[in-house]
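Containing compact mmCIF, N, CA and C atoms: structure.txt.
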```txt
# COMPACT_ATOMS: atom_id res chain seq x y z
N MET A 1 22.44 2.47 10.30
CA MET A 1 23.33 1.67 9.47
C MET A 1 23.87 0.51 10.30
N TRP A 2 24.19 -0.54 9.66
CA TRP A 2 24.68 -1.74 10.31
C TRP A 2 26.20 -1.71 10.38
N SER A 3 26.74 -2.08 11.54
CA SER A 3 28.19 -2.18 11.67
C SER A 3 28.62 -3.60 11.33
N ASP A 4 29.92 -3.79 11.12
CA ASP A 4 30.43 -5.12 10.77
C ASP A 4 30.24 -6.14 11.89
N GLN A 5 30.07 -5.69 13.12
CA GLN A 5 29.91 -6.61 14.25
C GLN A 5 28.45 -7.01 14.50
N ASP A 6 27.50 -6.25 13.98
CA ASP A 6 26.08 -6.56 14.17
C ASP A 6 25.74 -7.90 13.54
N ARG A 7 24.79 -8.59 14.17
CA ARG A 7 24.37 -9.89 13.67
C ARG A 7 22.89 -9.82 13.27
N PRO A 8 22.60 -9.75 11.98
CA PRO A 8 21.21 -9.64 11.54
C PRO A 8 20.51 -11.00 11.50
N ARG A 9 19.21 -10.93 11.72
CA ARG A 9 18.36 -12.11 11.55
C ARG A 9 16.98 -11.63 11.09
N LEU A 10 16.22 -12.56 10.56
CA LEU A 10 14.86 -12.22 10.15
C LEU A 10 14.02 -11.96 11.39
N ALA A 11 13.11 -11.02 11.29
CA ALA A 11 12.21 -10.70 12.40
C ALA A 11 11.26 -11.86 12.65
N ARG A 12 10.68 -11.87 13.83
CA ARG A 12 9.71 -12.90 14.19
C ARG A 12 8.56 -12.90 13.19
N GLY A 13 8.20 -14.07 12.72
CA GLY A 13 7.11 -14.20 11.76
C GLY A 13 7.52 -14.04 10.31
N VAL A 14 8.77 -13.71 10.05
CA VAL A 14 9.27 -13.53 8.68
C VAL A 14 10.03 -14.78 8.28
N ARG A 15 9.75 -15.29 7.10
CA ARG A 15 10.39 -16.52 6.62
C ARG A 15 10.89 -16.34 5.19
N LEU A 16 12.01 -16.97 4.90
CA LEU A 16 12.57 -16.99 3.55
C LEU A 16 12.19 -18.32 2.93
N ARG A 17 11.47 -18.29 1.82
CA ARG A 17 11.00 -19.52 1.18
C ARG A 17 11.12 -19.43 -0.33
N TRP A 18 11.38 -20.57 -0.94
CA TRP A 18 11.41 -20.68 -2.40
C TRP A 18 9.97 -20.81 -2.90
N ASP A 19 9.61 -20.02 -3.89
CA ASP A 19 8.29 -20.10 -4.50
C ASP A 19 8.44 -20.78 -5.85
N PRO A 20 8.01 -22.04 -5.96
CA PRO A 20 8.19 -22.76 -7.21
C PRO A 20 7.37 -22.18 -8.38
N VAL A 21 6.26 -21.52 -8.08
CA VAL A 21 5.44 -20.93 -9.14
C VAL A 21 6.16 -19.74 -9.76
N ARG A 22 6.68 -18.86 -8.93
CA ARG A 22 7.39 -17.67 -9.42
C ARG A 22 8.87 -17.96 -9.69
N GLU A 23 9.33 -19.12 -9.23
CA GLU A 23 10.73 -19.53 -9.37
C GLU A 23 11.67 -18.48 -8.81
N THR A 24 11.38 -18.04 -7.59
CA THR A 24 12.21 -17.05 -6.90
C THR A 24 12.08 -17.23 -5.40
N GLN A 25 13.05 -16.70 -4.67
CA GLN A 25 12.96 -16.68 -3.22
C GLN A 25 11.98 -15.59 -2.82
N MET A 26 11.20 -15.89 -1.81
CA MET A 26 10.22 -14.93 -1.30
C MET A 26 10.47 -14.71 0.18
N LEU A 27 10.24 -13.51 0.62
CA LEU A 27 10.28 -13.18 2.03
C LEU A 27 8.82 -13.11 2.47
N LEU A 28 8.41 -14.08 3.27
CA LEU A 28 7.02 -14.15 3.71
C LEU A 28 6.86 -13.52 5.07
N ARG A 29 5.81 -12.74 5.23
CA ARG A 29 5.50 -12.11 6.50
C ARG A 29 3.99 -12.13 6.67
N PRO A 30 3.50 -11.93 7.88
CA PRO A 30 2.05 -12.01 8.09
C PRO A 30 1.24 -11.10 7.19
N GLU A 31 1.78 -9.95 6.82
CA GLU A 31 1.04 -8.99 5.99
C GLU A 31 1.13 -9.28 4.51
N GLY A 32 1.97 -10.21 4.09
CA GLY A 32 2.11 -10.50 2.68
C GLY A 32 3.46 -11.10 2.35
N ALA A 33 3.89 -10.88 1.14
CA ALA A 33 5.15 -11.47 0.66
C ALA A 33 5.92 -10.47 -0.18
N VAL A 34 7.24 -10.64 -0.17
CA VAL A 34 8.12 -9.79 -0.96
C VAL A 34 8.96 -10.70 -1.84
N ALA A 35 8.90 -10.51 -3.15
CA ALA A 35 9.75 -11.26 -4.07
C ALA A 35 11.16 -10.68 -4.01
N LEU A 36 12.15 -11.56 -3.94
CA LEU A 36 13.54 -11.12 -3.81
C LEU A 36 14.31 -11.38 -5.09
N ASN A 37 15.21 -10.48 -5.41
CA ASN A 37 16.13 -10.76 -6.51
C ASN A 37 17.21 -11.69 -5.96
N PRO A 38 17.98 -12.33 -6.82
CA PRO A 38 18.98 -13.29 -6.35
C PRO A 38 20.01 -12.70 -5.39
N SER A 39 20.37 -11.45 -5.57
CA SER A 39 21.36 -10.82 -4.69
C SER A 39 20.80 -10.65 -3.27
N ALA A 40 19.58 -10.16 -3.16
CA ALA A 40 18.96 -9.98 -1.85
C ALA A 40 18.75 -11.34 -1.17
N ALA A 41 18.35 -12.33 -1.95
CA ALA A 41 18.15 -13.68 -1.39
C ALA A 41 19.47 -14.23 -0.84
N ALA A 42 20.56 -14.01 -1.55
CA ALA A 42 21.87 -14.50 -1.10
C ALA A 42 22.26 -13.87 0.24
N VAL A 43 21.96 -12.58 0.40
CA VAL A 43 22.26 -11.92 1.67
C VAL A 43 21.39 -12.49 2.78
N LEU A 44 20.08 -12.59 2.53
CA LEU A 44 19.16 -13.03 3.57
C LEU A 44 19.35 -14.48 3.98
N GLU A 45 19.83 -15.30 3.06
CA GLU A 45 20.12 -16.69 3.42
C GLU A 45 21.21 -16.77 4.49
N LEU A 46 22.04 -15.75 4.58
CA LEU A 46 23.14 -15.73 5.56
C LEU A 46 22.76 -15.00 6.85
N CYS A 47 21.57 -14.45 6.91
CA CYS A 47 21.11 -13.70 8.09
C CYS A 47 20.40 -14.63 9.06
N GLU A 48 21.18 -15.47 9.73
CA GLU A 48 20.60 -16.44 10.65
C GLU A 48 20.77 -16.04 12.11
N GLY A 49 21.38 -14.87 12.35
CA GLY A 49 21.55 -14.38 13.71
C GLY A 49 22.88 -14.76 14.35
N GLN A 50 23.64 -15.62 13.70
CA GLN A 50 24.94 -16.04 14.22
C GLN A 50 26.08 -15.31 13.52
N ARG A 51 25.94 -15.11 12.23
CA ARG A 51 26.99 -14.50 11.41
C ARG A 51 26.88 -12.98 11.49
N SER A 52 28.00 -12.32 11.59
CA SER A 52 28.02 -10.85 11.63
C SER A 52 27.87 -10.29 10.22
N VAL A 53 27.56 -9.00 10.16
CA VAL A 53 27.50 -8.32 8.85
C VAL A 53 28.84 -8.47 8.14
N GLY A 54 29.93 -8.28 8.88
CA GLY A 54 31.26 -8.45 8.29
C GLY A 54 31.46 -9.86 7.74
N GLY A 55 30.96 -10.87 8.46
CA GLY A 55 31.06 -12.25 8.00
C GLY A 55 30.22 -12.50 6.76
N ILE A 56 29.05 -11.88 6.69
CA ILE A 56 28.19 -12.02 5.52
C ILE A 56 28.87 -11.40 4.30
N ILE A 57 29.42 -10.21 4.49
CA ILE A 57 30.12 -9.54 3.38
C ILE A 57 31.31 -10.38 2.93
N GLU A 58 32.06 -10.89 3.88
CA GLU A 58 33.22 -11.72 3.54
C GLU A 58 32.81 -12.96 2.76
N GLU A 59 31.75 -13.62 3.19
CA GLU A 59 31.26 -14.82 2.48
C GLU A 59 30.84 -14.47 1.06
N LEU A 60 30.11 -13.39 0.89
CA LEU A 60 29.64 -13.01 -0.45
C LEU A 60 30.80 -12.58 -1.34
N GLN A 61 31.80 -11.92 -0.79
CA GLN A 61 32.96 -11.52 -1.59
C GLN A 61 33.81 -12.73 -1.96
N THR A 62 33.77 -13.78 -1.16
CA THR A 62 34.43 -15.03 -1.54
C THR A 62 33.75 -15.63 -2.77
N ARG A 63 32.43 -15.54 -2.80
CA ARG A 63 31.66 -16.06 -3.94
C ARG A 63 31.82 -15.19 -5.19
N HIS A 64 32.08 -13.90 -4.98
CA HIS A 64 32.19 -12.94 -6.09
C HIS A 64 33.47 -12.13 -5.93
N PRO A 65 34.62 -12.75 -6.22
CA PRO A 65 35.91 -12.06 -6.01
C PRO A 65 36.01 -10.76 -6.82
N GLY A 66 36.67 -9.79 -6.20
CA GLY A 66 36.92 -8.53 -6.88
C GLY A 66 35.77 -7.54 -6.83
N VAL A 67 34.67 -7.91 -6.17
CA VAL A 67 33.51 -7.03 -6.09
C VAL A 67 33.37 -6.55 -4.65
N ASP A 68 33.30 -5.25 -4.45
CA ASP A 68 33.12 -4.69 -3.12
C ASP A 68 31.62 -4.60 -2.83
N LEU A 69 31.14 -5.48 -1.96
CA LEU A 69 29.71 -5.58 -1.69
C LEU A 69 29.29 -4.94 -0.38
N GLY A 70 30.24 -4.42 0.38
CA GLY A 70 29.95 -3.93 1.72
C GLY A 70 28.82 -2.93 1.79
N ASN A 71 28.89 -1.87 1.02
CA ASN A 71 27.84 -0.84 1.07
C ASN A 71 26.50 -1.37 0.62
N ASP A 72 26.49 -2.21 -0.41
CA ASP A 72 25.23 -2.77 -0.90
C ASP A 72 24.56 -3.64 0.16
N VAL A 73 25.34 -4.47 0.85
CA VAL A 73 24.79 -5.33 1.90
C VAL A 73 24.23 -4.48 3.03
N ARG A 74 24.98 -3.49 3.47
CA ARG A 74 24.52 -2.63 4.56
C ARG A 74 23.25 -1.85 4.18
N GLU A 75 23.19 -1.35 2.95
CA GLU A 75 22.01 -0.63 2.49
C GLU A 75 20.79 -1.54 2.42
N LEU A 76 20.97 -2.76 1.93
CA LEU A 76 19.87 -3.71 1.88
C LEU A 76 19.35 -4.00 3.29
N LEU A 77 20.27 -4.28 4.21
CA LEU A 77 19.87 -4.57 5.59
C LEU A 77 19.16 -3.37 6.22
N ALA A 78 19.64 -2.17 5.95
CA ALA A 78 19.01 -0.97 6.49
C ALA A 78 17.59 -0.82 5.95
N SER A 79 17.40 -1.04 4.66
CA SER A 79 16.07 -0.93 4.05
C SER A 79 15.11 -1.96 4.63
N LEU A 80 15.59 -3.19 4.78
CA LEU A 80 14.73 -4.25 5.31
C LEU A 80 14.44 -4.05 6.80
N ALA A 81 15.40 -3.46 7.51
CA ALA A 81 15.18 -3.16 8.93
C ALA A 81 14.10 -2.08 9.07
N GLU A 82 14.11 -1.09 8.19
CA GLU A 82 13.09 -0.04 8.23
C GLU A 82 11.70 -0.62 8.03
N LEU A 83 11.61 -1.69 7.26
CA LEU A 83 10.33 -2.36 7.02
C LEU A 83 9.98 -3.36 8.12
N GLY A 84 10.90 -3.53 9.07
CA GLY A 84 10.66 -4.47 10.16
C GLY A 84 10.87 -5.93 9.79
N LEU A 85 11.58 -6.17 8.69
CA LEU A 85 11.79 -7.54 8.23
C LEU A 85 13.07 -8.17 8.75
N VAL A 86 14.06 -7.34 9.05
CA VAL A 86 15.34 -7.81 9.57
C VAL A 86 15.62 -7.04 10.87
N ILE A 87 16.12 -7.75 11.87
CA ILE A 87 16.42 -7.12 13.16
C ILE A 87 17.83 -7.53 13.61
N HIS A 88 18.32 -6.84 14.64
CA HIS A 88 19.59 -7.19 15.26
C HIS A 88 19.36 -8.40 16.15
N ALA A 89 20.15 -9.44 16.01
CA ALA A 89 19.96 -10.65 16.80
C ALA A 89 20.22 -10.43 18.28
N ASP A 90 21.07 -9.49 18.62
CA ASP A 90 21.46 -9.30 20.01
C ASP A 90 20.71 -8.15 20.70
N ARG A 91 19.65 -7.67 20.10
CA ARG A 91 18.88 -6.58 20.72
C ARG A 91 17.49 -7.02 21.04
```
Written form, structure tokens:
Amino acid sequence: MWSDQDRPRLARGVRLRWDPVRETQMLLRPEGAVALNPSAAAVLELCEGQRSVGGIIEELQTRHPGVDLGNDVRELLASLAELGLVIHADR
């Protein structure tokens, strides 16, 4: 699980790109591509390796007041880390 101090970033070779044909954000990797829903794309756009998980959650909660997104963000990051798509920036 990710702590609030961890700083996530995309793994080497993984890119976040807009696909105009599918009209969605895609996570591109050497083995293929993953279509993202808008919520996952919003999280990954903030995973640049500088911002902490706590900072990402805070930014998203500013955009969506009254919604507790902490567990959802951590679960998404954990799932993507298991797939090797997101890593800890400081490790």
(message) One decimal, in Å: what's the spacing between CA of Ala81 (chain A) and CA of Leu10 (chain A)?
(response) 9.1 Å
(request) Could you pull out the residues in chain A that DSSP calls alpha helix (DSSP H) from the backbone, as a PyMOL selection string? (result) chain A and resi 38-45+53-63+70-82
With N, CA and C atoms retained, export the selected residues as a CSV table (one decimal), keeping the file's coordinate frame.
```csv
chain,number,residue,atom,x,y,z
A,38,PRO,N,18.0,-12.3,-6.8
A,38,PRO,CA,19.0,-13.3,-6.4
A,38,PRO,C,20.0,-12.7,-5.4
A,39,SER,N,20.4,-11.4,-5.6
A,39,SER,CA,21.4,-10.8,-4.7
A,39,SER,C,20.8,-10.6,-3.3
A,40,ALA,N,19.6,-10.2,-3.2
A,40,ALA,CA,19.0,-10.0,-1.8
A,40,ALA,C,18.8,-11.3,-1.2
A,41,ALA,N,18.4,-12.3,-2.0
A,41,ALA,CA,18.2,-13.7,-1.4
A,41,ALA,C,19.5,-14.2,-0.8
A,42,ALA,N,20.6,-14.0,-1.6
A,42,ALA,CA,21.9,-14.5,-1.1
A,42,ALA,C,22.3,-13.9,0.2
A,43,VAL,N,22.0,-12.6,0.4
A,43,VAL,CA,22.3,-11.9,1.7
A,43,VAL,C,21.4,-12.5,2.8
A,44,LEU,N,20.1,-12.6,2.5
A,44,LEU,CA,19.2,-13.0,3.6
A,44,LEU,C,19.4,-14.5,4.0
A,45,GLU,N,19.8,-15.3,3.1
A,45,GLU,CA,20.1,-16.7,3.4
A,45,GLU,C,21.2,-16.8,4.5
A,53,VAL,N,27.6,-9.0,10.2
A,53,VAL,CA,27.5,-8.3,8.8
A,53,VAL,C,28.8,-8.5,8.1
A,54,GLY,N,29.9,-8.3,8.9
A,54,GLY,CA,31.3,-8.4,8.3
A,54,GLY,C,31.5,-9.9,7.7
A,55,GLY,N,31.0,-10.9,8.5
A,55,GLY,CA,31.1,-12.2,8.0
A,55,GLY,C,30.2,-12.5,6.8
A,56,ILE,N,29.0,-11.9,6.7
A,56,ILE,CA,28.2,-12.0,5.5
A,56,ILE,C,28.9,-11.4,4.3
A,57,ILE,N,29.4,-10.2,4.5
A,57,ILE,CA,30.1,-9.5,3.4
A,57,ILE,C,31.3,-10.4,2.9
A,58,GLU,N,32.1,-10.9,3.9
A,58,GLU,CA,33.2,-11.7,3.5
A,58,GLU,C,32.8,-13.0,2.8
A,59,GLU,N,31.8,-13.6,3.2
A,59,GLU,CA,31.3,-14.8,2.5
A,59,GLU,C,30.8,-14.5,1.1
A,60,LEU,N,30.1,-13.4,0.9
A,60,LEU,CA,29.6,-13.0,-0.4
A,60,LEU,C,30.8,-12.6,-1.3
A,61,GLN,N,31.8,-11.9,-0.8
A,61,GLN,CA,33.0,-11.5,-1.6
A,61,GLN,C,33.8,-12.7,-2.0
A,62,THR,N,33.8,-13.8,-1.2
A,62,THR,CA,34.4,-15.0,-1.5
A,62,THR,C,33.8,-15.6,-2.8
A,63,ARG,N,32.4,-15.5,-2.8
A,63,ARG,CA,31.7,-16.1,-3.9
A,63,ARG,C,31.8,-15.2,-5.2
A,70,GLY,N,30.2,-4.4,0.4
A,70,GLY,CA,30.0,-3.9,1.7
A,70,GLY,C,28.8,-2.9,1.8
A,71,ASN,N,28.9,-1.9,1.0
A,71,ASN,CA,27.8,-0.8,1.1
A,71,ASN,C,26.5,-1.4,0.6
A,72,ASP,N,26.5,-2.2,-0.4
A,72,ASP,CA,25.2,-2.8,-0.9
A,72,ASP,C,24.6,-3.6,0.2
A,73,VAL,N,25.3,-4.5,0.8
A,73,VAL,CA,24.8,-5.3,1.9
A,73,VAL,C,24.2,-4.5,3.0
A,74,ARG,N,25.0,-3.5,3.5
A,74,ARG,CA,24.5,-2.6,4.6
A,74,ARG,C,23.2,-1.8,4.2
A,75,GLU,N,23.2,-1.4,3.0
A,75,GLU,CA,22.0,-0.6,2.5
A,75,GLU,C,20.8,-1.5,2.4
A,76,LEU,N,21.0,-2.8,1.9
A,76,LEU,CA,19.9,-3.7,1.9
A,76,LEU,C,19.4,-4.0,3.3
A,77,LEU,N,20.3,-4.3,4.2
A,77,LEU,CA,19.9,-4.6,5.6
A,77,LEU,C,19.2,-3.4,6.2
A,78,ALA,N,19.6,-2.2,6.0
A,78,ALA,CA,19.0,-1.0,6.5
A,78,ALA,C,17.6,-0.8,6.0
A,79,SER,N,17.4,-1.0,4.7
A,79,SER,CA,16.1,-0.9,4.0
A,79,SER,C,15.1,-2.0,4.6
A,80,LEU,N,15.6,-3.2,4.8
A,80,LEU,CA,14.7,-4.2,5.3
A,80,LEU,C,14.4,-4.0,6.8
A,81,ALA,N,15.4,-3.5,7.5
A,81,ALA,CA,15.2,-3.2,8.9
A,81,ALA,C,14.1,-2.1,9.1
A,82,GLU,N,14.1,-1.1,8.2
A,82,GLU,CA,13.1,0.0,8.2
A,82,GLU,C,11.7,-0.6,8.0
```
(request) Measure the distance from CA of Leu16 (chain A) to CA of Ala41 (chain A) in Å and round it to one decimal. (result) 8.2 Å
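For the choices A:Asn37, A:Ala42, A:Leu27, A:Glu75, the atom-to-atom distance to Trp2 (chain A) is smallest for A:Glu75 when using all atoms listed in the file.
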(message) Neighbouring residues of Asp6 (chain A) were defined as those with any atom within 6 Å, considering only C-alpha atoms; residues of the same chain fewer than 2 positions away were excluded. Please report them as a ChimeraX atom specification.
(response) /A:3-4,52-53
(message) One decimal, in Å: what's the spacing between CA of Asp72 (chain A) and CA of Ile87 (chain A)?
(response)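 Answer for the CA of Asp72 (chain A) to CA of Ile87 (chain A) separation: 17.2 Å.
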(request) Give as number ranges by chain each residue that has an atom at most 7 Å from (23.7, -8.1, 4.3) in the file, counting only C-alpha atoms. (result) A: 43-44, 53, 56-57, 73-74, 76-77
Okay, now the selection with N, CA and C atoms, as a PDB file, in the coordinates of the input?
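The file below, part_13.pdb, is the result:
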```pdb
ATOM      1  N   VAL A  43      21.960 -12.580   0.400  1.00  0.00           N
ATOM      2  CA  VAL A  43      22.260 -11.920   1.670  1.00  0.00           C
ATOM      3  C   VAL A  43      21.390 -12.490   2.780  1.00  0.00           C
ATOM      4  N   LEU A  44      20.080 -12.590   2.530  1.00  0.00           N
ATOM      5  CA  LEU A  44      19.160 -13.030   3.570  1.00  0.00           C
ATOM      6  C   LEU A  44      19.350 -14.480   3.980  1.00  0.00           C
ATOM      7  N   VAL A  53      27.560  -9.000  10.160  1.00  0.00           N
ATOM      8  CA  VAL A  53      27.500  -8.320   8.850  1.00  0.00           C
ATOM      9  C   VAL A  53      28.840  -8.470   8.140  1.00  0.00           C
ATOM     10  N   ILE A  56      29.050 -11.880   6.690  1.00  0.00           N
ATOM     11  CA  ILE A  56      28.190 -12.020   5.520  1.00  0.00           C
ATOM     12  C   ILE A  56      28.870 -11.400   4.300  1.00  0.00           C
ATOM     13  N   ILE A  57      29.420 -10.210   4.490  1.00  0.00           N
ATOM     14  CA  ILE A  57      30.120  -9.540   3.380  1.00  0.00           C
ATOM     15  C   ILE A  57      31.310 -10.380   2.930  1.00  0.00           C
ATOM     16  N   VAL A  73      25.340  -4.470   0.850  1.00  0.00           N
ATOM     17  CA  VAL A  73      24.790  -5.330   1.900  1.00  0.00           C
ATOM     18  C   VAL A  73      24.230  -4.480   3.030  1.00  0.00           C
ATOM     19  N   ARG A  74      24.980  -3.490   3.470  1.00  0.00           N
ATOM     20  CA  ARG A  74      24.520  -2.630   4.560  1.00  0.00           C
ATOM     21  C   ARG A  74      23.250  -1.850   4.180  1.00  0.00           C
ATOM     22  N   LEU A  76      20.970  -2.760   1.930  1.00  0.00           N
ATOM     23  CA  LEU A  76      19.870  -3.710   1.880  1.00  0.00           C
ATOM     24  C   LEU A  76      19.350  -4.000   3.290  1.00  0.00           C
ATOM     25  N   LEU A  77      20.270  -4.280   4.210  1.00  0.00           N
ATOM     26  CA  LEU A  77      19.870  -4.570   5.590  1.00  0.00           C
ATOM     27  C   LEU A  77      19.160  -3.370   6.220  1.00  0.00           C
TER      28      LEU A  77
END
```
(request) Determine the nearest neighbour of Ala40 (chain A) from the options A:Val67, A:Ala89, A:Leu60, A:Val21, counting only C-alpha atoms. (result) A:Leu60
(request) Counting only C-alpha atoms, figure out which residue out of A:Ser79, A:Leu69, A:Met26, A:Pro8 gets nearest to Leu46 (chain A). (result) A:Pro8
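Candidate residues A:Leu80, A:Val14, A:Gly66, A:Gln5 were compared for distance to Glu31 (chain A), and the nearest is A:Val14, using only C-alpha atoms.
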(request) Find the residues around Thr24 (chain A) up to 7 Å (only N, CA and C atoms counted), leave out those fewer than 5 positions away in its own chain, and share them as a PyMOL selection string. (result) chain A and resi 17-19+35-36
